[in-house]
Structures are given as structure tokens and as C-alpha cells.
$ cat structure-v2.tsv   # TSV, C-alpha atoms
chain	number	residue	atom	x	y	z
Z	1	MET	CA	0.98	38.75	29.79
Z	2	ALA	CA	4.44	40.27	30.21
Z	3	VAL	CA	5.33	37.67	32.85
Z	4	LEU	CA	4.16	34.88	30.55
Z	5	ALA	CA	6.23	36.27	27.72
Z	6	LEU	CA	9.33	36.39	29.94
Z	7	GLN	CA	8.75	32.85	31.13
Z	8	SER	CA	8.26	31.45	27.65
Z	9	SER	CA	11.13	33.35	26.05
Z	10	PRO	CA	13.99	31.21	27.46
Z	11	LEU	CA	12.17	28.03	26.45
Z	12	SER	CA	11.61	29.40	22.97
Z	13	GLU	CA	15.25	30.38	22.72
Z	14	MET	CA	16.34	26.90	23.82
Z	15	VAL	CA	14.10	25.25	21.22
Z	16	ASP	CA	15.55	27.51	18.53
Z	17	ALA	CA	19.13	27.05	19.68
Z	18	PHE	CA	19.12	23.27	19.86
Z	19	ARG	CA	16.53	22.76	17.10
Z	20	LEU	CA	14.43	20.59	19.39
Z	21	ASP	CA	11.61	20.79	16.87
Z	22	LEU	CA	13.88	19.15	14.27
Z	23	MET	CA	14.95	16.48	16.75
Z	24	THR	CA	11.27	15.71	17.38
Z	25	LYS	CA	10.69	15.36	13.65
Z	26	LEU	CA	13.67	13.07	13.17
Z	27	LEU	CA	12.65	10.91	16.13
Z	28	LEU	CA	9.16	10.54	14.74
Z	29	ALA	CA	10.61	9.74	11.32
Z	30	ILE	CA	12.75	7.00	12.91
Z	31	LEU	CA	9.69	5.54	14.63
Z	32	ALA	CA	7.48	5.68	11.52
Z	33	GLY	CA	10.13	4.36	9.13
Z	34	GLY	CA	11.24	1.78	11.67
Z	35	ALA	CA	7.72	0.45	12.19
Z	36	ILE	CA	7.24	-0.13	8.48
Z	37	GLY	CA	10.81	-1.32	8.01
Z	38	PHE	CA	10.44	-3.84	10.84
Z	39	GLU	CA	7.53	-5.48	9.05
Z	40	ARG	CA	9.54	-5.56	5.81
Z	41	GLN	CA	12.54	-7.05	7.64
Z	42	ILE	CA	10.42	-9.85	9.11
Z	43	ALA	CA	9.04	-10.54	5.63
Z	44	GLY	CA	12.62	-11.01	4.41
Z	45	LYS	CA	12.63	-8.06	2.01
Z	46	ALA	CA	15.83	-6.33	0.87
Z	47	ALA	CA	14.45	-2.89	1.74
Z	48	GLY	CA	14.14	-3.61	5.45
Z	49	LEU	CA	14.55	-1.83	8.76
Z	50	ARG	CA	17.56	0.41	8.13
Z	51	THR	CA	16.57	1.27	4.57
Z	52	ASN	CA	13.11	2.51	5.49
Z	53	ILE	CA	14.38	4.42	8.52
Z	54	LEU	CA	17.02	6.21	6.48
Z	55	ILE	CA	14.55	7.08	3.71
Z	56	CYS	CA	12.02	8.46	6.19
Z	57	VAL	CA	14.63	10.44	8.14
Z	58	GLY	CA	16.18	11.79	4.95
Z	59	SER	CA	12.82	12.90	3.60
Z	60	ALA	CA	11.94	14.61	6.89
Z	61	LEU	CA	15.29	16.40	6.94
Z	62	PHE	CA	14.91	17.58	3.35
Z	63	MET	CA	11.39	18.82	4.04
Z	64	ASP	CA	12.49	20.72	7.13
Z	65	LEU	CA	15.32	22.26	5.12
Z	66	SER	CA	12.92	23.17	2.34
Z	67	MET	CA	10.59	24.95	4.74
Z	68	ASN	CA	13.29	26.85	6.63
Z	69	LEU	CA	15.87	27.61	3.95
Z	70	GLY	CA	13.86	30.46	2.46
Z	71	THR	CA	13.68	32.32	5.79
Z	72	SER	CA	17.07	31.41	7.22
Z	73	PHE	CA	18.59	34.72	6.20
Z	74	GLY	CA	15.83	36.85	7.75
Z	75	GLY	CA	13.18	38.95	6.10
Z	76	ALA	CA	10.42	37.65	3.86
Z	77	ARG	CA	10.43	34.08	2.53
Z	78	ILE	CA	12.63	33.56	-0.51
Z	79	GLY	CA	11.78	30.89	-3.05
Z	80	ASP	CA	9.30	28.01	-3.09
Z	81	PRO	CA	9.38	25.70	-0.03
Z	82	GLY	CA	8.09	22.83	-2.14
Z	83	ARG	CA	11.00	22.67	-4.58
Z	84	ILE	CA	13.27	20.41	-2.51
Z	85	ALA	CA	10.30	18.20	-1.59
Z	86	ALA	CA	9.51	17.77	-5.29
Z	87	GLN	CA	13.07	16.60	-5.93
Z	88	VAL	CA	12.74	14.06	-3.12
Z	89	VAL	CA	9.75	12.53	-4.91
Z	90	THR	CA	11.75	12.29	-8.13
Z	91	GLY	CA	14.81	10.84	-6.40
Z	92	ILE	CA	12.81	8.23	-4.53
Z	93	GLY	CA	11.34	7.15	-7.86
Z	94	PHE	CA	14.83	6.17	-9.01
Z	95	ILE	CA	15.49	4.22	-5.82
Z	96	GLY	CA	12.16	2.46	-6.14
Z	97	ALA	CA	12.89	1.55	-9.75
Z	98	GLY	CA	16.15	-0.02	-8.61
Z	99	THR	CA	14.30	-2.42	-6.32
Z	100	ILE	CA	12.18	-3.80	-9.17
Z	101	MET	CA	13.75	-6.89	-10.70
Z	102	GLN	CA	12.77	-8.65	-13.92
Z	103	ALA	CA	13.91	-12.19	-14.57
Z	104	ARG	CA	12.61	-14.70	-17.09
Z	105	GLY	CA	9.30	-12.93	-17.47
Z	106	SER	CA	8.65	-12.52	-13.74
Z	107	ILE	CA	8.64	-9.11	-12.04
Z	108	THR	CA	9.49	-8.82	-8.34
Z	109	GLY	CA	10.03	-5.91	-5.98
Z	110	LEU	CA	6.93	-3.88	-6.81
Z	111	THR	CA	5.72	-3.88	-3.20
Z	112	SER	CA	9.17	-2.86	-1.95
Z	113	ALA	CA	9.29	0.00	-4.44
Z	114	ALA	CA	5.83	1.19	-3.42
Z	115	THR	CA	6.79	0.94	0.27
Z	116	ILE	CA	9.88	3.08	-0.29
Z	117	PHE	CA	7.76	5.66	-2.09
Z	118	VAL	CA	5.15	5.91	0.67
Z	119	VAL	CA	7.80	5.97	3.43
Z	120	ALA	CA	9.34	8.99	1.72
Z	121	ALA	CA	5.90	10.61	1.64
Z	122	ILE	CA	5.51	9.96	5.37
Z	123	GLY	CA	8.91	11.54	5.97
Z	124	LEU	CA	7.90	14.65	4.02
Z	125	ASN	CA	4.77	14.96	6.16
Z	126	VAL	CA	6.85	14.67	9.32
Z	127	GLY	CA	9.30	17.27	8.08
Z	128	ALA	CA	6.43	19.63	7.30
Z	129	GLY	CA	5.02	19.19	10.80
Z	130	PHE	CA	1.94	17.19	9.80
Z	131	TYR	CA	2.36	14.63	12.57
Z	132	ARG	CA	-1.20	13.29	12.67
Z	133	GLU	CA	-1.17	12.68	8.92
Z	134	ALA	CA	2.18	10.93	9.14
Z	135	LEU	CA	1.11	8.66	12.01
Z	136	GLY	CA	-2.18	7.85	10.30
Z	137	ALA	CA	-0.39	6.96	7.08
Z	138	THR	CA	2.09	4.78	8.99
Z	139	ALA	CA	-0.76	2.83	10.60
Z	140	ALA	CA	-2.49	2.43	7.24
Z	141	VAL	CA	0.67	1.19	5.51
Z	142	MET	CA	1.38	-1.34	8.27
Z	143	LEU	CA	-2.20	-2.59	8.03
Z	144	VAL	CA	-1.86	-3.06	4.27
Z	145	LEU	CA	1.55	-4.77	4.46
Z	146	ALA	CA	0.85	-7.03	7.44
Z	147	GLY	CA	-2.91	-7.45	7.37
Z	148	LEU	CA	-3.49	-7.93	3.65
Z	149	GLY	CA	-0.47	-10.18	3.13
Z	150	THR	CA	-2.45	-13.24	4.23
Z	151	LEU	CA	-5.36	-12.32	1.97
Z	152	GLU	CA	-3.00	-11.85	-0.98
Z	153	HIS	CA	-1.45	-15.25	-0.32
Z	154	LYS	CA	-4.89	-16.89	-0.29
Z	155	LEU	CA	-5.81	-15.20	-3.56
Z	156	LEU	CA	-2.66	-16.58	-5.17
Z	157	ARG	CA	-3.68	-20.10	-4.13
Z	158	ILE	CA	-7.13	-19.90	-5.75
Z	159	ARG	CA	-7.38	-22.26	-8.71
Z	160	ARG	CA	-7.63	-20.54	-12.05
Z	161	SER	CA	-7.75	-21.52	-15.70
Z	162	HIS	CA	-5.60	-20.02	-18.44
Z	163	ALA	CA	-5.07	-20.61	-22.14
Z	164	ALA	CA	-1.51	-21.53	-23.06
Z	165	THR	CA	0.54	-22.02	-26.20
Z	166	ILE	CA	3.67	-24.13	-25.81
Z	167	ARG	CA	6.14	-24.59	-28.68
Z	168	THR	CA	8.41	-27.61	-28.40
Z	169	LYS	CA	10.91	-29.43	-30.51
Z	170	PRO	CA	9.46	-31.91	-33.03
Z	171	GLY	CA	8.59	-35.27	-31.50
Z	172	THR	CA	7.88	-34.01	-27.98
Z	173	THR	CA	5.11	-36.17	-26.56
Z	174	LEU	CA	1.96	-34.98	-24.82
Z	175	GLU	CA	2.64	-37.36	-21.93
Z	176	TRP	CA	6.04	-35.76	-21.31
Z	177	LEU	CA	4.47	-32.30	-21.31
Z	178	LYS	CA	1.70	-33.43	-18.95
Z	179	THR	CA	4.31	-34.75	-16.52
Z	180	ALA	CA	6.33	-31.51	-16.69
Z	181	LEU	CA	3.24	-29.37	-16.05
Z	182	PHE	CA	1.98	-31.62	-13.25
Z	183	ALA	CA	5.34	-31.22	-11.51
Z	184	GLU	CA	4.63	-27.47	-11.44
Z	185	GLY	CA	1.11	-27.95	-10.03
Z	186	LEU	CA	-0.81	-27.51	-13.32
Z	187	VAL	CA	-3.06	-29.91	-15.19
Z	188	ILE	CA	-4.21	-29.91	-18.82
Z	189	THR	CA	-7.98	-29.71	-19.26
Z	190	LYS	CA	-8.05	-29.27	-23.03
Z	191	VAL	CA	-5.37	-29.65	-25.71
Z	192	ALA	CA	-4.82	-29.54	-29.47
Z	193	VAL	CA	-1.53	-30.50	-31.12
Z	194	PHE	CA	-0.17	-28.98	-34.35
Z	195	ASP	CA	2.93	-30.37	-36.06
Z	196	HIS	CA	5.22	-28.28	-38.26
Z	197	GLU	CA	8.58	-28.90	-39.87
Z	198	THR	CA	10.54	-27.08	-37.19
Z	199	ASP	CA	8.37	-27.49	-34.09
Z	200	ARG	CA	5.33	-29.02	-32.41
Z	201	VAL	CA	2.76	-26.57	-30.97
Z	202	PHE	CA	0.42	-27.43	-28.09
Z	203	GLU	CA	-2.67	-25.21	-27.78
Z	204	MET	CA	-4.15	-26.01	-24.39
Z	205	ARG	CA	-6.15	-24.98	-21.36
Z	206	LEU	CA	-4.36	-25.22	-18.02
Z	207	SER	CA	-5.82	-25.30	-14.52
Z	208	GLY	CA	-4.06	-24.75	-11.19
Z	209	PRO	CA	-3.21	-22.27	-8.39
Z	210	ALA	CA	-2.83	-18.71	-9.67
Z	211	GLN	CA	0.72	-18.32	-8.38
Z	212	GLN	CA	1.91	-21.46	-10.19
Z	213	PHE	CA	1.45	-20.12	-13.72
Z	214	ASP	CA	4.39	-17.72	-13.59
Z	215	ILE	CA	6.49	-20.33	-11.81
Z	216	ALA	CA	5.65	-22.95	-14.43
Z	217	ARG	CA	6.50	-20.59	-17.29
Z	218	ARG	CA	9.94	-19.90	-15.83
Z	219	GLU	CA	10.69	-23.56	-15.16
Z	220	LEU	CA	9.41	-24.84	-18.50
Z	221	ASN	CA	11.51	-22.34	-20.44
Z	222	ASP	CA	14.61	-23.96	-18.92
Z	223	LEU	CA	13.74	-27.44	-20.21
Z	224	ALA	CA	15.54	-28.58	-23.37
Z	225	PRO	CA	12.51	-29.67	-25.44
Z	226	ILE	CA	10.68	-26.34	-24.82
Z	227	LEU	CA	11.13	-23.56	-27.38
Z	228	ASN	CA	8.60	-21.05	-26.08
Z	229	VAL	CA	5.81	-20.77	-23.47
Z	230	ASN	CA	3.01	-18.22	-23.80
Z	231	LEU	CA	0.29	-17.92	-21.12
Z	232	ASP	CA	-2.75	-15.74	-21.84

$ encode --input "structure-v2.tsv" --output "C-alpha cells"
Amino acid sequence: MAVLALQSSPLSEMVDAFRLDLMTKLLLAILAGGAIGFERQIAGKAAGLRTNILICVGSALFMDLSMNLGTSFGGARIGDPGRIAAQVVTGIGFIGAGTIMQARGSITGLTSAATIFVVAAIGLNVGAGFYREALGATAAVMLVLAGLGTLEHKLLRIRRSHAATIRTKPGTTLEWLKTALFAEGLVITKVAVFDHETDRVFEMRLSGPAQQFDIARRELNDLAPILNVNLD
């Protein structure tokens, strides 16, 4: 036993001196964040390879600091090792919110924000030394992002029917509105027209691919005769 202790002591001292355990964590964080970031980069997302790597590495570094700071001065642990990790979660929430864009009634960036959030969680697991959990989560996230992307695209192409209320300037014809909607991939299946002094209101039922409804609403709102478009 004494011989084993002597043989393992230099190795232990080298690990402590060069923080090889931290280097292992950071390397794994680079691999995990890079794997997810690579998929995001191929998909053309703003939060791509470098962003996800840096978030994962930063989270791992903060978690390692959180776990070791309380014992760095010797003696019993001082403070709560989860405090810095909790601040990482809060900070990543702000970064994720910054990736969400809203324009003309359409919201984009939700998947990027969620990816950033889960990459930070993976980094915290790496920093805490939970390698199996981190690798399992990385595989699951890549499966969701890459594997379910095709399914999500197919769901968006399924034809659906929605009620719509479109306010236009007085005198706008139904034929003009049909042409404008058809150009966006939607057809009118039922319509009622109500004339007022200041506008003409079309209460209708529209049919078309699910993804086209938001696109049509944005495009129609830019046309001069259109005053307002409301899709239920």
C-alpha cells in the first residue's frame, strides 16, 4: 500500500499542479459545444459553432470555479458551490432573450435561445464532473436539432384551415384579395363582406400550408389597400 501511495503521489501532484482535471473538462466542453454548434452553423443560425463552444466552455469554467472556490483557501468548505452556477443560468437567460427577434408579428430565434440555454446546462454538468450526463445530453440535443428538423418542416407543410379577418380600404375587390392571397399560397374557402364608411371587412376561411399563414400576414400588411390582418 505504501509503495502504491508513493507511486501515485507524483501523478496526483502533477494533476493538481497543472489542473489536468480542468483541462479535461474544458476539452470536453469544447467537444460538446462544438458538436451542437456545428449543427447550428450548418443550419445557418447566428448562434453557431464559436458561440456554442464559448458558452459551453464558459459554463464549465464557472462551475469548476464554483466548486473549488470555497475550498481554495484550505479548511472546510466556505459558501454554497451552487451560487455561481445559479448566476450562469440567469445570465444565459439574458443572452437567449437577445437571440429572439420579433418583426411584423413573427417571432424567430426561439430554437437558438433554447439551444444556448441547454448548452450552458451541458457546460455546468461538465464543470461539475458529470461527464456521462453531459455527453448524454449532447447526443439528445443533436438528435432533436438534426433529427426532428425534417419532421418539423413536414408539419409546417401540412395544409390547415384558419379563420381570418382582413380590413381593407373601401372599394377593395374580392378578386384582388383572392389574387394577393393566392400569391402567398392560400385560398379562400368561405367569405363574407361587410362595408362600412371607413373600411371594407372580409370575414373568411383560408386554407393552405401551415407555414404560409404567418408569411401571408406579414406580406399582406405591407400592401397599400390592407389596413389590418387578423388570423385566428

$ residues_around --input "structure-v2.tsv" --residues "Phe62 (chain Z)" --least-positions-apart "4" --cutoff "9 Å" --atoms "only C-alpha atoms" --output "ChimeraX atom specification"
/Z:57-58,66-67,84-85,88,123-124,127

$ residues_around --input "structure-v2.tsv" --residues "Phe202 (chain Z)" --least-positions-apart "3" --cutoff "12 Å" --atoms "only C-alpha atoms" --output "VMD selection string"
chain Z and resid 163 to 175 177 to 178 188 190 to 196 199 205 to 206 226 to 231

$ write_last_selection --input "structure-v2.tsv" --atoms "C-alpha atoms" --output "tab-separated table (two decimals), keeping the file's coordinate frame"
chain	number	residue	atom	x	y	z
Z	163	ALA	CA	-5.07	-20.61	-22.14
Z	164	ALA	CA	-1.51	-21.53	-23.06
Z	165	THR	CA	0.54	-22.02	-26.20
Z	166	ILE	CA	3.67	-24.13	-25.81
Z	167	ARG	CA	6.14	-24.59	-28.68
Z	168	THR	CA	8.41	-27.61	-28.40
Z	169	LYS	CA	10.91	-29.43	-30.51
Z	170	PRO	CA	9.46	-31.91	-33.03
Z	171	GLY	CA	8.59	-35.27	-31.50
Z	172	THR	CA	7.88	-34.01	-27.98
Z	173	THR	CA	5.11	-36.17	-26.56
Z	174	LEU	CA	1.96	-34.98	-24.82
Z	175	GLU	CA	2.64	-37.36	-21.93
Z	177	LEU	CA	4.47	-32.30	-21.31
Z	178	LYS	CA	1.70	-33.43	-18.95
Z	188	ILE	CA	-4.21	-29.91	-18.82
Z	190	LYS	CA	-8.05	-29.27	-23.03
Z	191	VAL	CA	-5.37	-29.65	-25.71
Z	192	ALA	CA	-4.82	-29.54	-29.47
Z	193	VAL	CA	-1.53	-30.50	-31.12
Z	194	PHE	CA	-0.17	-28.98	-34.35
Z	195	ASP	CA	2.93	-30.37	-36.06
Z	196	HIS	CA	5.22	-28.28	-38.26
Z	199	ASP	CA	8.37	-27.49	-34.09
Z	205	ARG	CA	-6.15	-24.98	-21.36
Z	206	LEU	CA	-4.36	-25.22	-18.02
Z	226	ILE	CA	10.68	-26.34	-24.82
Z	227	LEU	CA	11.13	-23.56	-27.38
Z	228	ASN	CA	8.60	-21.05	-26.08
Z	229	VAL	CA	5.81	-20.77	-23.47
Z	230	ASN	CA	3.01	-18.22	-23.80
Z	231	LEU	CA	0.29	-17.92	-21.12

$ closest_residue --input "structure-v2.tsv" --among "Z:Ala113, Z:Val201, Z:Val118, Z:Ala128" --to "Ala140 (chain Z)" --atoms "only C-alpha atoms"
Z:Val118

$ residues_around --input "structure-v2.tsv" --residues "Phe182 (chain Z)" --least-positions-apart "6" --cutoff "10 Å" --atoms "all atoms listed in the file" --output "list of chain:residue names"
Z:Trp176, Z:Ile188, Z:Gly208, Z:Ala216

$ write_last_selection --input "structure-v2.tsv" --atoms "C-alpha atoms" --output "tab-separated table (two decimals), in the frame of the given file"
chain	number	residue	atom	x	y	z
Z	176	TRP	CA	6.04	-35.76	-21.31
Z	188	ILE	CA	-4.21	-29.91	-18.82
Z	208	GLY	CA	-4.06	-24.75	-11.19
Z	216	ALA	CA	5.65	-22.95	-14.43

$ atom_distance --input "structure-v2.tsv" --atom1 "CA of Thr179 (chain Z)" --atom2 "CA of Thr108 (chain Z)"
27.7 Å

$ atom_distance --input "structure-v2.tsv" --atom1 "CA of Arg160 (chain Z)" --atom2 "CA of Ile215 (chain Z)"
14.1 Å

$ residues_around --input "structure-v2.tsv" --residues "Asn52 (chain Z)" --least-positions-apart "6" --cutoff "7 Å" --atoms "only C-alpha atoms" --output "VMD selection string"
chain Z and resid 33 to 34 37 116 119

$ closest_residue --input "structure-v2.tsv" --among "Z:Lys25, Z:Arg40, Z:Arg50, Z:Arg132" --to "Val144 (chain Z)" --atoms "only C-alpha atoms"
Z:Arg40

$ atom_distance --input "structure-v2.tsv" --atom1 "CA of Ala210 (chain Z)" --atom2 "CA of Thr99 (chain Z)"
23.9 Å

$ closest_atom_pairs --input "structure-v2.tsv" --of "region 26-121 of chain Z" --to "region 145-150 of chain Z" --cutoff "12 Å" --atoms "all atoms listed in the file" --output "CSV"
residue,atom,partner,partner_atom,distance
Z:Ala35,CA,Z:Leu145,CA,11.2
Z:Ile36,CA,Z:Leu145,CA,8.4
Z:Gly37,CA,Z:Leu145,CA,10.5
Z:Phe38,CA,Z:Ala146,CA,10.7
Z:Glu39,CA,Z:Ala146,CA,7.0
Z:Arg40,CA,Z:Leu145,CA,8.1
Z:Gln41,CA,Z:Leu145,CA,11.7
Z:Ile42,CA,Z:Ala146,CA,10.1
Z:Ala43,CA,Z:Ala146,CA,9.1
Z:Lys45,CA,Z:Leu145,CA,11.8
Z:Thr111,CA,Z:Leu145,CA,8.8
Z:Ser112,CA,Z:Leu145,CA,10.1
Z:Ala114,CA,Z:Leu145,CA,10.8
Z:Thr115,CA,Z:Leu145,CA,8.8
Z:Val118,CA,Z:Leu145,CA,11.9

$ write_last_selection --input "structure-v2.tsv" --atoms "C-alpha atoms" --output "PDB file, in the frame of the given file"
ATOM      1  CA  ALA Z  35       7.720   0.450  12.190  1.00  0.00           C
ATOM      2  CA  ILE Z  36       7.240  -0.130   8.480  1.00  0.00           C
ATOM      3  CA  GLY Z  37      10.810  -1.320   8.010  1.00  0.00           C
ATOM      4  CA  PHE Z  38      10.440  -3.840  10.840  1.00  0.00           C
ATOM      5  CA  GLU Z  39       7.530  -5.480   9.050  1.00  0.00           C
ATOM      6  CA  ARG Z  40       9.540  -5.560   5.810  1.00  0.00           C
ATOM      7  CA  GLN Z  41      12.540  -7.050   7.640  1.00  0.00           C
ATOM      8  CA  ILE Z  42      10.420  -9.850   9.110  1.00  0.00           C
ATOM      9  CA  ALA Z  43       9.040 -10.540   5.630  1.00  0.00           C
ATOM     10  CA  LYS Z  45      12.630  -8.060   2.010  1.00  0.00           C
ATOM     11  CA  THR Z 111       5.720  -3.880  -3.200  1.00  0.00           C
ATOM     12  CA  SER Z 112       9.170  -2.860  -1.950  1.00  0.00           C
ATOM     13  CA  ALA Z 114       5.830   1.190  -3.420  1.00  0.00           C
ATOM     14  CA  THR Z 115       6.790   0.940   0.270  1.00  0.00           C
ATOM     15  CA  VAL Z 118       5.150   5.910   0.670  1.00  0.00           C
TER      16      VAL Z 118
END

$ closest_residue --input "structure-v2.tsv" --among "Z:Ala32, Z:Lys154, Z:Pro225, Z:Ala46" --to "Met142 (chain Z)" --atoms "all atoms listed in the file"
Z:Ala32

$ closest_residue --input "structure-v2.tsv" --among "Z:Ser161, Z:Gln212, Z:Thr90, Z:Ser59" --to "Ala121 (chain Z)" --atoms "only C-alpha atoms"
Z:Ser59

$ closest_residue --input "structure-v2.tsv" --among "Z:Leu155, Z:Leu220, Z:Val126, Z:Thr51" --to "Ala183 (chain Z)" --atoms "only C-alpha atoms"
Z:Leu220

$ closest_residue --input "structure-v2.tsv" --among "Z:Leu65, Z:Ile92, Z:Ile55, Z:Leu49" --to "Leu22 (chain Z)" --atoms "all atoms listed in the file"
Z:Leu65

$ decode --input "structure-v2.tsv" --residues "region 185-205 of chain Z" --atoms "N, CA, C and O atoms" --output "PDB file, in the first residue's frame"
ATOM      1  N   GLY Z 185     -49.852  31.452 -51.380  1.00  0.00           N
ATOM      2  CA  GLY Z 185     -50.117  30.032 -51.193  1.00  0.00           C
ATOM      3  C   GLY Z 185     -51.401  29.718 -50.446  1.00  0.00           C
ATOM      4  O   GLY Z 185     -51.598  28.576 -50.018  1.00  0.00           O
ATOM      5  N   LEU Z 186     -52.300  30.695 -50.279  1.00  0.00           N
ATOM      6  CA  LEU Z 186     -53.551  30.486 -49.542  1.00  0.00           C
ATOM      7  C   LEU Z 186     -54.744  30.682 -50.467  1.00  0.00           C
ATOM      8  O   LEU Z 186     -54.725  31.499 -51.392  1.00  0.00           O
ATOM      9  N   VAL Z 187     -55.804  29.925 -50.195  1.00  0.00           N
ATOM     10  CA  VAL Z 187     -57.039  30.054 -50.970  1.00  0.00           C
ATOM     11  C   VAL Z 187     -58.197  30.313 -50.020  1.00  0.00           C
ATOM     12  O   VAL Z 187     -58.194  29.889 -48.867  1.00  0.00           O
ATOM     13  N   ILE Z 188     -59.208  31.031 -50.530  1.00  0.00           N
ATOM     14  CA  ILE Z 188     -60.390  31.358 -49.737  1.00  0.00           C
ATOM     15  C   ILE Z 188     -61.432  30.267 -49.931  1.00  0.00           C
ATOM     16  O   ILE Z 188     -61.818  29.955 -51.061  1.00  0.00           O
ATOM     17  N   THR Z 189     -61.879  29.669 -48.848  1.00  0.00           N
ATOM     18  CA  THR Z 189     -62.914  28.633 -48.937  1.00  0.00           C
ATOM     19  C   THR Z 189     -64.290  29.147 -48.538  1.00  0.00           C
ATOM     20  O   THR Z 189     -65.298  28.545 -48.890  1.00  0.00           O
ATOM     21  N   LYS Z 190     -64.323  30.250 -47.798  1.00  0.00           N
ATOM     22  CA  LYS Z 190     -65.593  30.835 -47.379  1.00  0.00           C
ATOM     23  C   LYS Z 190     -65.359  32.303 -47.080  1.00  0.00           C
ATOM     24  O   LYS Z 190     -64.335  32.667 -46.498  1.00  0.00           O
ATOM     25  N   VAL Z 191     -66.303  33.179 -47.479  1.00  0.00           N
ATOM     26  CA  VAL Z 191     -66.072  34.607 -47.285  1.00  0.00           C
ATOM     27  C   VAL Z 191     -67.399  35.349 -47.111  1.00  0.00           C
ATOM     28  O   VAL Z 191     -68.419  34.976 -47.691  1.00  0.00           O
ATOM     29  N   ALA Z 192     -67.362  36.384 -46.296  1.00  0.00           N
ATOM     30  CA  ALA Z 192     -68.473  37.320 -46.126  1.00  0.00           C
ATOM     31  C   ALA Z 192     -67.881  38.718 -46.114  1.00  0.00           C
ATOM     32  O   ALA Z 192     -66.834  38.955 -45.495  1.00  0.00           O
ATOM     33  N   VAL Z 193     -68.539  39.657 -46.804  1.00  0.00           N
ATOM     34  CA  VAL Z 193     -68.009  41.006 -46.957  1.00  0.00           C
ATOM     35  C   VAL Z 193     -68.933  41.996 -46.249  1.00  0.00           C
ATOM     36  O   VAL Z 193     -70.155  41.944 -46.412  1.00  0.00           O
ATOM     37  N   PHE Z 194     -68.336  42.903 -45.470  1.00  0.00           N
ATOM     38  CA  PHE Z 194     -69.090  43.912 -44.729  1.00  0.00           C
ATOM     39  C   PHE Z 194     -68.508  45.288 -45.042  1.00  0.00           C
ATOM     40  O   PHE Z 194     -67.324  45.529 -44.827  1.00  0.00           O
ATOM     41  N   ASP Z 195     -69.368  46.178 -45.575  1.00  0.00           N
ATOM     42  CA  ASP Z 195     -68.917  47.521 -45.937  1.00  0.00           C
ATOM     43  C   ASP Z 195     -69.276  48.520 -44.846  1.00  0.00           C
ATOM     44  O   ASP Z 195     -70.389  48.503 -44.295  1.00  0.00           O
ATOM     45  N   HIS Z 196     -68.301  49.388 -44.537  1.00  0.00           N
ATOM     46  CA  HIS Z 196     -68.502  50.483 -43.595  1.00  0.00           C
ATOM     47  C   HIS Z 196     -68.037  51.775 -44.255  1.00  0.00           C
ATOM     48  O   HIS Z 196     -67.504  51.770 -45.362  1.00  0.00           O
ATOM     49  N   GLU Z 197     -68.237  52.880 -43.555  1.00  0.00           N
ATOM     50  CA  GLU Z 197     -67.868  54.173 -44.130  1.00  0.00           C
ATOM     51  C   GLU Z 197     -66.357  54.298 -44.328  1.00  0.00           C
ATOM     52  O   GLU Z 197     -65.904  54.912 -45.302  1.00  0.00           O
ATOM     53  N   THR Z 198     -65.595  53.731 -43.419  1.00  0.00           N
ATOM     54  CA  THR Z 198     -64.143  53.928 -43.464  1.00  0.00           C
ATOM     55  C   THR Z 198     -63.362  52.701 -43.936  1.00  0.00           C
ATOM     56  O   THR Z 198     -62.148  52.790 -44.165  1.00  0.00           O
ATOM     57  N   ASP Z 199     -64.035  51.556 -44.079  1.00  0.00           N
ATOM     58  CA  ASP Z 199     -63.302  50.367 -44.496  1.00  0.00           C
ATOM     59  C   ASP Z 199     -64.238  49.311 -45.063  1.00  0.00           C
ATOM     60  O   ASP Z 199     -65.463  49.464 -45.022  1.00  0.00           O
ATOM     61  N   ARG Z 200     -63.650  48.273 -45.614  1.00  0.00           N
ATOM     62  CA  ARG Z 200     -64.370  47.080 -46.055  1.00  0.00           C
ATOM     63  C   ARG Z 200     -63.742  45.894 -45.331  1.00  0.00           C
ATOM     64  O   ARG Z 200     -62.523  45.714 -45.366  1.00  0.00           O
ATOM     65  N   VAL Z 201     -64.566  45.070 -44.665  1.00  0.00           N
ATOM     66  CA  VAL Z 201     -64.089  43.957 -43.842  1.00  0.00           C
ATOM     67  C   VAL Z 201     -64.457  42.640 -44.511  1.00  0.00           C
ATOM     68  O   VAL Z 201     -65.611  42.416 -44.867  1.00  0.00           O
ATOM     69  N   PHE Z 202     -63.442  41.782 -44.658  1.00  0.00           N
ATOM     70  CA  PHE Z 202     -63.647  40.441 -45.208  1.00  0.00           C
ATOM     71  C   PHE Z 202     -63.506  39.426 -44.073  1.00  0.00           C
ATOM     72  O   PHE Z 202     -62.431  39.282 -43.485  1.00  0.00           O
ATOM     73  N   GLU Z 203     -64.616  38.741 -43.756  1.00  0.00           N
ATOM     74  CA  GLU Z 203     -64.581  37.623 -42.809  1.00  0.00           C
ATOM     75  C   GLU Z 203     -64.497  36.347 -43.641  1.00  0.00           C
ATOM     76  O   GLU Z 203     -65.413  36.067 -44.432  1.00  0.00           O
ATOM     77  N   MET Z 204     -63.426  35.577 -43.473  1.00  0.00           N
ATOM     78  CA  MET Z 204     -63.230  34.458 -44.396  1.00  0.00           C
ATOM     79  C   MET Z 204     -62.588  33.265 -43.711  1.00  0.00           C
ATOM     80  O   MET Z 204     -62.115  33.333 -42.572  1.00  0.00           O
ATOM     81  N   ARG Z 205     -62.579  32.172 -44.458  1.00  0.00           N
ATOM     82  CA  ARG Z 205     -61.876  30.952 -44.063  1.00  0.00           C
ATOM     83  C   ARG Z 205     -60.794  30.707 -45.086  1.00  0.00           C
ATOM     84  O   ARG Z 205     -61.070  30.654 -46.293  1.00  0.00           O
TER      85      ARG Z 205
END
